[in-house]
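Shown next, in structure tokens, is the structure this report addresses.
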Amino acid sequence: MSPARPPGGLGIFEGERARLTGLAYRITGSLVDAEDVVQEVWIRWAATDAATVDNPPGWLTTVTSRVALDCLRAQRRRREVYVGPWLPDPVRTASDAEEAAELAESLTLGFLVLLDSLGPYERVAFLLGDVFGEPYPAIAEILGKSEPACRQLVSRARRKLRSARPGAGAPAPSPASAELLGQLMYSVLAGDEDRTLALLHPDVVLTSDAGPARRAARHPIVGAERVGQLLKGSWKLFGFKISSGPDERLPARLLEVNASPSLVLDSPEGPIVITGEADGGQITSIWVRLNPDKTAALEDRPPVV
């Protein structure tokens, strides 16, 4: 039996908390910021007489979207002085819930990275309309714009997202499977350069988010040979030894992160999260998140839906 929901306004809010956190995370790409947004929404909700609100979920969605939009604007100013590439925070995701499965694609790292090509209003309008299914009158009220203007925002966002991917019009790559990531890691640790190159797409891109505290490539690395050499050097840098045989256990755990199989390497400085995309059995994108401010609490928080 599930625990009883708290009474009154608190119960309403707690019933919506997971959804609001997921919305705020998709808008900001930061779990810390999303949690701050939801806390601010709770403060405003607690100061409101819930009995006077005709549509509590709609009220909470409106306030969450507006607070998250303000947060995104402030965050983008901070990103201008961020050391190296900025990637969304890694979040655990639930794969068993039907609702979570429907929303899973919008939590993948490839999708979240593409969202960064949008302006703040485009991003919020697109997420509300195409991901969360909010009607245009509601989106117009949330953003303080006309319905035609919101339709234009969503339409422009769709065009930008289509053109942001290389080979526009081609099917989007899928998250790299756990098997493919494991094969890549083993081939690198075993020093098998031919196998490593075979697993990597010739135009593979590796992006590392280390922040100011850890060593990593400060710009995206392009090309199978360069990425393979970087991975080989990085394992040594992180203290992982070359594998002596196929039966040797890989120094990584498998975890679903951002609705994708991901390798989590436990280094002395904190977890390293490796996620990828693949097409035709080759890895096309690799994202390495090792900023301890982002990865340290990965498994201490509930899954995002």
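In the structure tokens, the first chain shown is A, the next is B, and so on; residue numbers restart at 1 for each chain, and ligands run from 1 in the order shown.
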
**Q.** Residues flagged helix (DSSP H, G or I) by DSSP in stretch 58-263 of chain A, as a PyMOL selection string
**A.** chain A and resi 58-79+98-107+109-115+120-131+136-143+147-164+178-189+193-199+224-237

Q) Quick one: residues within 12 Å of A:Ala68, only C-alpha atoms counted, chain neighbours fewer than 5 positions away excluded, as a PyMOL selection string? A) chain A and resi 20-41+60-63+73-75+120-121+123-124+142-143

Q. Tell me, which residues of stretch 93-224 of chain A carry DSSP strand (DSSP E), written as a PyMOL selection string?
A. chain A and resi 174-175+200-209+221-222

Can you spit out the residues from that selection as a compact mmCIF listing (two decimals), in the first residue's frame, using C-alpha atoms?
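Writing the result to selection-v3.txt gives the following:
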# COMPACT_ATOMS: atom_id res chain seq x y z
CA SER A 174 19.82 6.29 -30.93
CA PRO A 175 21.44 6.01 -27.50
CA LEU A 200 33.77 4.55 -33.68
CA HIS A 201 32.10 6.38 -36.54
CA PRO A 202 34.72 8.19 -38.66
CA ASP A 203 33.16 11.54 -37.68
CA VAL A 204 32.50 10.69 -34.02
CA VAL A 205 32.48 13.67 -31.65
CA LEU A 206 33.56 13.43 -28.01
CA THR A 207 32.58 16.23 -25.63
CA SER A 208 33.79 16.42 -22.03
CA ASP A 209 32.25 18.53 -19.26
CA ILE A 221 37.25 16.18 -30.21
CA VAL A 222 36.28 15.08 -33.74

Q. Can you list, as a PyMOL selection string, every protein, DNA or RNA residue that comes within 12 Å of A:Ser260 when you count only C-alpha atoms, leaving out same-chain residues fewer than 2 positions away?
A. chain A and resi 90-95+101+104-111+174-178+181+254-258+262-263+273-278+287

Go ahead and save the picked residues with N, CA, C and O atoms, as a tab-separated table (two decimals), in the first residue's frame.
chain	number	residue	atom	x	y	z
A	90	PRO	N	23.88	14.97	-15.30
A	90	PRO	CA	23.40	13.59	-15.43
A	90	PRO	C	22.30	13.31	-14.42
A	90	PRO	O	22.41	13.70	-13.25
A	91	VAL	N	21.24	12.67	-14.87
A	91	VAL	CA	20.14	12.32	-13.96
A	91	VAL	C	19.76	10.86	-14.19
A	91	VAL	O	19.74	10.37	-15.31
A	92	ARG	N	19.48	10.17	-13.09
A	92	ARG	CA	18.93	8.82	-13.21
A	92	ARG	C	17.51	8.92	-13.73
A	92	ARG	O	16.78	9.87	-13.43
A	93	THR	N	17.11	7.95	-14.53
A	93	THR	CA	15.77	7.96	-15.09
A	93	THR	C	15.11	6.62	-14.82
A	93	THR	O	15.76	5.58	-14.72
A	94	ALA	N	13.79	6.67	-14.71
A	94	ALA	CA	13.00	5.46	-14.44
A	94	ALA	C	12.52	4.89	-15.77
A	94	ALA	O	11.94	5.61	-16.58
A	95	SER	N	12.76	3.61	-16.00
A	95	SER	CA	12.39	3.00	-17.27
A	95	SER	C	11.14	2.13	-17.16
A	95	SER	O	10.70	1.57	-18.16
A	101	ALA	N	8.28	6.31	-19.79
A	101	ALA	CA	8.71	5.78	-21.08
A	101	ALA	C	8.29	6.72	-22.20
A	101	ALA	O	9.04	6.93	-23.16
A	104	ALA	N	10.69	9.63	-22.22
A	104	ALA	CA	12.11	9.29	-22.12
A	104	ALA	C	12.96	10.00	-23.16
A	104	ALA	O	14.06	10.46	-22.86
A	105	GLU	N	12.48	10.08	-24.40
A	105	GLU	CA	13.30	10.67	-25.47
A	105	GLU	C	13.69	12.11	-25.15
A	105	GLU	O	14.78	12.56	-25.50
A	106	SER	N	12.82	12.82	-24.45
A	106	SER	CA	13.11	14.23	-24.13
A	106	SER	C	14.09	14.37	-22.98
A	106	SER	O	14.44	15.50	-22.61
A	107	LEU	N	14.54	13.25	-22.41
A	107	LEU	CA	15.57	13.29	-21.37
A	107	LEU	C	16.93	12.82	-21.87
A	107	LEU	O	17.91	12.89	-21.13
A	108	THR	N	16.98	12.33	-23.12
A	108	THR	CA	18.27	11.86	-23.63
A	108	THR	C	19.22	13.03	-23.80
A	108	THR	O	18.81	14.17	-24.07
A	109	LEU	N	20.50	12.73	-23.67
A	109	LEU	CA	21.50	13.80	-23.74
A	109	LEU	C	21.52	14.43	-25.13
A	109	LEU	O	21.68	15.65	-25.27
A	110	GLY	N	21.36	13.60	-26.18
A	110	GLY	CA	21.35	14.15	-27.52
A	110	GLY	C	20.25	15.18	-27.71
A	110	GLY	O	20.46	16.24	-28.31
A	111	PHE	N	19.06	14.90	-27.17
A	111	PHE	CA	17.94	15.82	-27.28
A	111	PHE	C	18.20	17.08	-26.46
A	111	PHE	O	17.97	18.20	-26.94
A	174	SER	N	20.42	6.79	-32.16
A	174	SER	CA	19.82	6.29	-30.93
A	174	SER	C	20.87	6.23	-29.83
A	174	SER	O	22.07	6.23	-30.11
A	175	PRO	N	20.44	6.19	-28.57
A	175	PRO	CA	21.44	6.01	-27.50
A	175	PRO	C	22.26	4.76	-27.73
A	175	PRO	O	21.73	3.71	-28.13
A	176	ALA	N	23.56	4.86	-27.53
A	176	ALA	CA	24.44	3.70	-27.68
A	176	ALA	C	24.06	2.65	-26.65
A	176	ALA	O	23.80	2.96	-25.48
A	177	SER	N	24.04	1.40	-27.06
A	177	SER	CA	23.65	0.32	-26.17
A	177	SER	C	24.73	0.06	-25.13
A	177	SER	O	25.91	0.42	-25.31
A	178	ALA	N	24.34	-0.60	-24.06
A	178	ALA	CA	25.30	-0.97	-23.02
A	178	ALA	C	26.38	-1.88	-23.60
A	178	ALA	O	27.56	-1.76	-23.27
A	181	LEU	N	28.89	0.27	-25.63
A	181	LEU	CA	29.77	1.04	-24.75
A	181	LEU	C	30.79	0.14	-24.07
A	181	LEU	O	31.96	0.50	-23.92
A	254	LEU	N	27.15	-0.12	-14.92
A	254	LEU	CA	26.14	0.28	-15.90
A	254	LEU	C	24.96	0.88	-15.16
A	254	LEU	O	24.44	0.30	-14.21
A	255	LEU	N	24.54	2.07	-15.60
A	255	LEU	CA	23.43	2.76	-14.96
A	255	LEU	C	22.64	3.47	-16.05
A	255	LEU	O	23.21	3.96	-17.03
A	256	GLU	N	21.31	3.49	-15.90
A	256	GLU	CA	20.51	4.27	-16.85
A	256	GLU	C	20.56	5.73	-16.45
A	256	GLU	O	20.09	6.12	-15.38
A	257	VAL	N	21.16	6.53	-17.29
A	257	VAL	CA	21.31	7.97	-17.05
A	257	VAL	C	20.76	8.70	-18.26
A	257	VAL	O	21.10	8.37	-19.41
A	258	ASN	N	19.88	9.68	-18.01
A	258	ASN	CA	19.25	10.42	-19.11
A	258	ASN	C	18.62	9.46	-20.13
A	258	ASN	O	18.81	9.60	-21.34
A	262	SER	N	24.50	3.98	-19.61
A	262	SER	CA	25.69	4.80	-19.39
A	262	SER	C	26.68	4.04	-18.53
A	262	SER	O	26.29	3.24	-17.67
A	263	LEU	N	27.95	4.27	-18.79
A	263	LEU	CA	29.01	3.72	-17.96
A	263	LEU	C	29.35	4.72	-16.87
A	263	LEU	O	29.56	5.90	-17.15
A	273	VAL	N	30.72	9.86	-15.85
A	273	VAL	CA	29.55	9.30	-16.53
A	273	VAL	C	29.76	9.41	-18.03
A	273	VAL	O	29.96	10.50	-18.57
A	274	ILE	N	29.72	8.26	-18.72
A	274	ILE	CA	29.96	8.21	-20.16
A	274	ILE	C	28.68	7.73	-20.85
A	274	ILE	O	28.18	6.64	-20.56
A	275	THR	N	28.17	8.55	-21.74
A	275	THR	CA	26.94	8.26	-22.47
A	275	THR	C	27.22	8.49	-23.95
A	275	THR	O	28.05	9.33	-24.30
A	276	GLY	N	26.55	7.75	-24.81
A	276	GLY	CA	26.82	7.92	-26.23
A	276	GLY	C	25.58	7.76	-27.09
A	276	GLY	O	24.51	7.37	-26.64
A	277	GLU	N	25.76	8.09	-28.37
A	277	GLU	CA	24.76	7.81	-29.40
A	277	GLU	C	25.41	6.94	-30.45
A	277	GLU	O	26.64	6.98	-30.64
A	278	ALA	N	24.60	6.17	-31.16
A	278	ALA	CA	25.14	5.26	-32.17
A	278	ALA	C	24.23	5.21	-33.38
A	278	ALA	O	23.03	5.47	-33.29
A	287	TRP	N	29.62	11.55	-24.79
A	287	TRP	CA	29.61	12.64	-23.81
A	287	TRP	C	30.20	12.12	-22.50
A	287	TRP	O	29.76	11.08	-21.98

Q.
Report as a PyMOL selection string all protein, DNA and RNA residues lying within 10 Å of A:Pro292, evaluated on only C-alpha atoms, omitting residues in the same chain fewer than 4 positions from it.
A. chain A and resi 209-214+269-272+296-298

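The space between atom CA of A:Trp59 and atom CA of A:Glu147 spans 18.4 Å.
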
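For the residues A:Val81, A:Ile283, A:Leu69, A:Val264, ranking by smallest atom-to-atom distance to A:Ala198 using only C-alpha atoms places A:Ile283 first.
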
Q | Distance query A:Leu118 at most 12 Å, only C-alpha atoms, self and fewer than 6 positions along chain excluded, as a ChimeraX atom specification | A | /A:27-28,72,76,111-112,124-127,153-164

Q: Identify, on the basis of only C-alpha atoms, every residue whose closest approach to A:Asp194 does not exceed 12 Å; exclude the query and any residue fewer than 3 positions from it along the same chain; express the result as a list in words.
A: Leu184, Ser187, Val188, Ala190, Gly191, Leu197, Ala198, Leu199, Leu200, Ala224, Glu225, Gly228 and Gln229 of chain A

Take the residues from that selection and write them out as a PDB file, in the first residue's frame, keeping N, CA, C and O atoms.
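Below is the file that was written, result_26.pdb:
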ATOM      1  N   LEU A 184      33.513  -0.833 -26.487  1.00  0.00           N
ATOM      2  CA  LEU A 184      34.446   0.276 -26.699  1.00  0.00           C
ATOM      3  C   LEU A 184      35.425   0.385 -25.543  1.00  0.00           C
ATOM      4  O   LEU A 184      36.640   0.511 -25.748  1.00  0.00           O
ATOM      5  N   SER A 187      37.934  -2.501 -25.648  1.00  0.00           N
ATOM      6  CA  SER A 187      38.914  -2.401 -26.730  1.00  0.00           C
ATOM      7  C   SER A 187      39.964  -1.345 -26.419  1.00  0.00           C
ATOM      8  O   SER A 187      41.149  -1.531 -26.740  1.00  0.00           O
ATOM      9  N   VAL A 188      39.540  -0.240 -25.775  1.00  0.00           N
ATOM     10  CA  VAL A 188      40.508   0.800 -25.404  1.00  0.00           C
ATOM     11  C   VAL A 188      41.449   0.281 -24.328  1.00  0.00           C
ATOM     12  O   VAL A 188      42.676   0.434 -24.416  1.00  0.00           O
ATOM     13  N   ALA A 190      42.201  -2.742 -23.654  1.00  0.00           N
ATOM     14  CA  ALA A 190      43.021  -3.840 -24.160  1.00  0.00           C
ATOM     15  C   ALA A 190      44.066  -3.365 -25.156  1.00  0.00           C
ATOM     16  O   ALA A 190      44.902  -4.163 -25.614  1.00  0.00           O
ATOM     17  N   GLY A 191      44.016  -2.084 -25.513  1.00  0.00           N
ATOM     18  CA  GLY A 191      44.968  -1.564 -26.481  1.00  0.00           C
ATOM     19  C   GLY A 191      44.702  -2.029 -27.897  1.00  0.00           C
ATOM     20  O   GLY A 191      45.604  -2.012 -28.748  1.00  0.00           O
ATOM     21  N   LEU A 197      38.728   1.613 -33.479  1.00  0.00           N
ATOM     22  CA  LEU A 197      38.368   2.399 -34.657  1.00  0.00           C
ATOM     23  C   LEU A 197      37.133   1.831 -35.348  1.00  0.00           C
ATOM     24  O   LEU A 197      36.322   2.585 -35.902  1.00  0.00           O
ATOM     25  N   ALA A 198      36.974   0.518 -35.315  1.00  0.00           N
ATOM     26  CA  ALA A 198      35.808  -0.096 -35.945  1.00  0.00           C
ATOM     27  C   ALA A 198      34.519   0.260 -35.208  1.00  0.00           C
ATOM     28  O   ALA A 198      33.445   0.329 -35.825  1.00  0.00           O
ATOM     29  N   LEU A 199      34.619   0.467 -33.916  1.00  0.00           N
ATOM     30  CA  LEU A 199      33.435   0.801 -33.112  1.00  0.00           C
ATOM     31  C   LEU A 199      33.061   2.275 -33.209  1.00  0.00           C
ATOM     32  O   LEU A 199      31.930   2.651 -32.889  1.00  0.00           O
ATOM     33  N   LEU A 200      34.000   3.105 -33.612  1.00  0.00           N
ATOM     34  CA  LEU A 200      33.771   4.552 -33.677  1.00  0.00           C
ATOM     35  C   LEU A 200      33.433   4.976 -35.099  1.00  0.00           C
ATOM     36  O   LEU A 200      34.104   4.580 -36.056  1.00  0.00           O
ATOM     37  N   ALA A 224      37.543   9.545 -35.448  1.00  0.00           N
ATOM     38  CA  ALA A 224      37.740   8.279 -34.733  1.00  0.00           C
ATOM     39  C   ALA A 224      39.145   8.147 -34.172  1.00  0.00           C
ATOM     40  O   ALA A 224      39.322   7.725 -33.023  1.00  0.00           O
ATOM     41  N   GLU A 225      40.153   8.485 -34.937  1.00  0.00           N
ATOM     42  CA  GLU A 225      41.523   8.313 -34.459  1.00  0.00           C
ATOM     43  C   GLU A 225      41.820   9.228 -33.277  1.00  0.00           C
ATOM     44  O   GLU A 225      42.417   8.793 -32.284  1.00  0.00           O
ATOM     45  N   GLY A 228      39.862   7.981 -30.239  1.00  0.00           N
ATOM     46  CA  GLY A 228      40.462   6.763 -29.703  1.00  0.00           C
ATOM     47  C   GLY A 228      41.720   7.041 -28.898  1.00  0.00           C
ATOM     48  O   GLY A 228      41.923   6.478 -27.816  1.00  0.00           O
ATOM     49  N   GLN A 229      42.565   7.921 -29.394  1.00  0.00           N
ATOM     50  CA  GLN A 229      43.790   8.268 -28.682  1.00  0.00           C
ATOM     51  C   GLN A 229      43.477   9.005 -27.383  1.00  0.00           C
ATOM     52  O   GLN A 229      44.130   8.777 -26.356  1.00  0.00           O
TER      53      GLN A 229
END
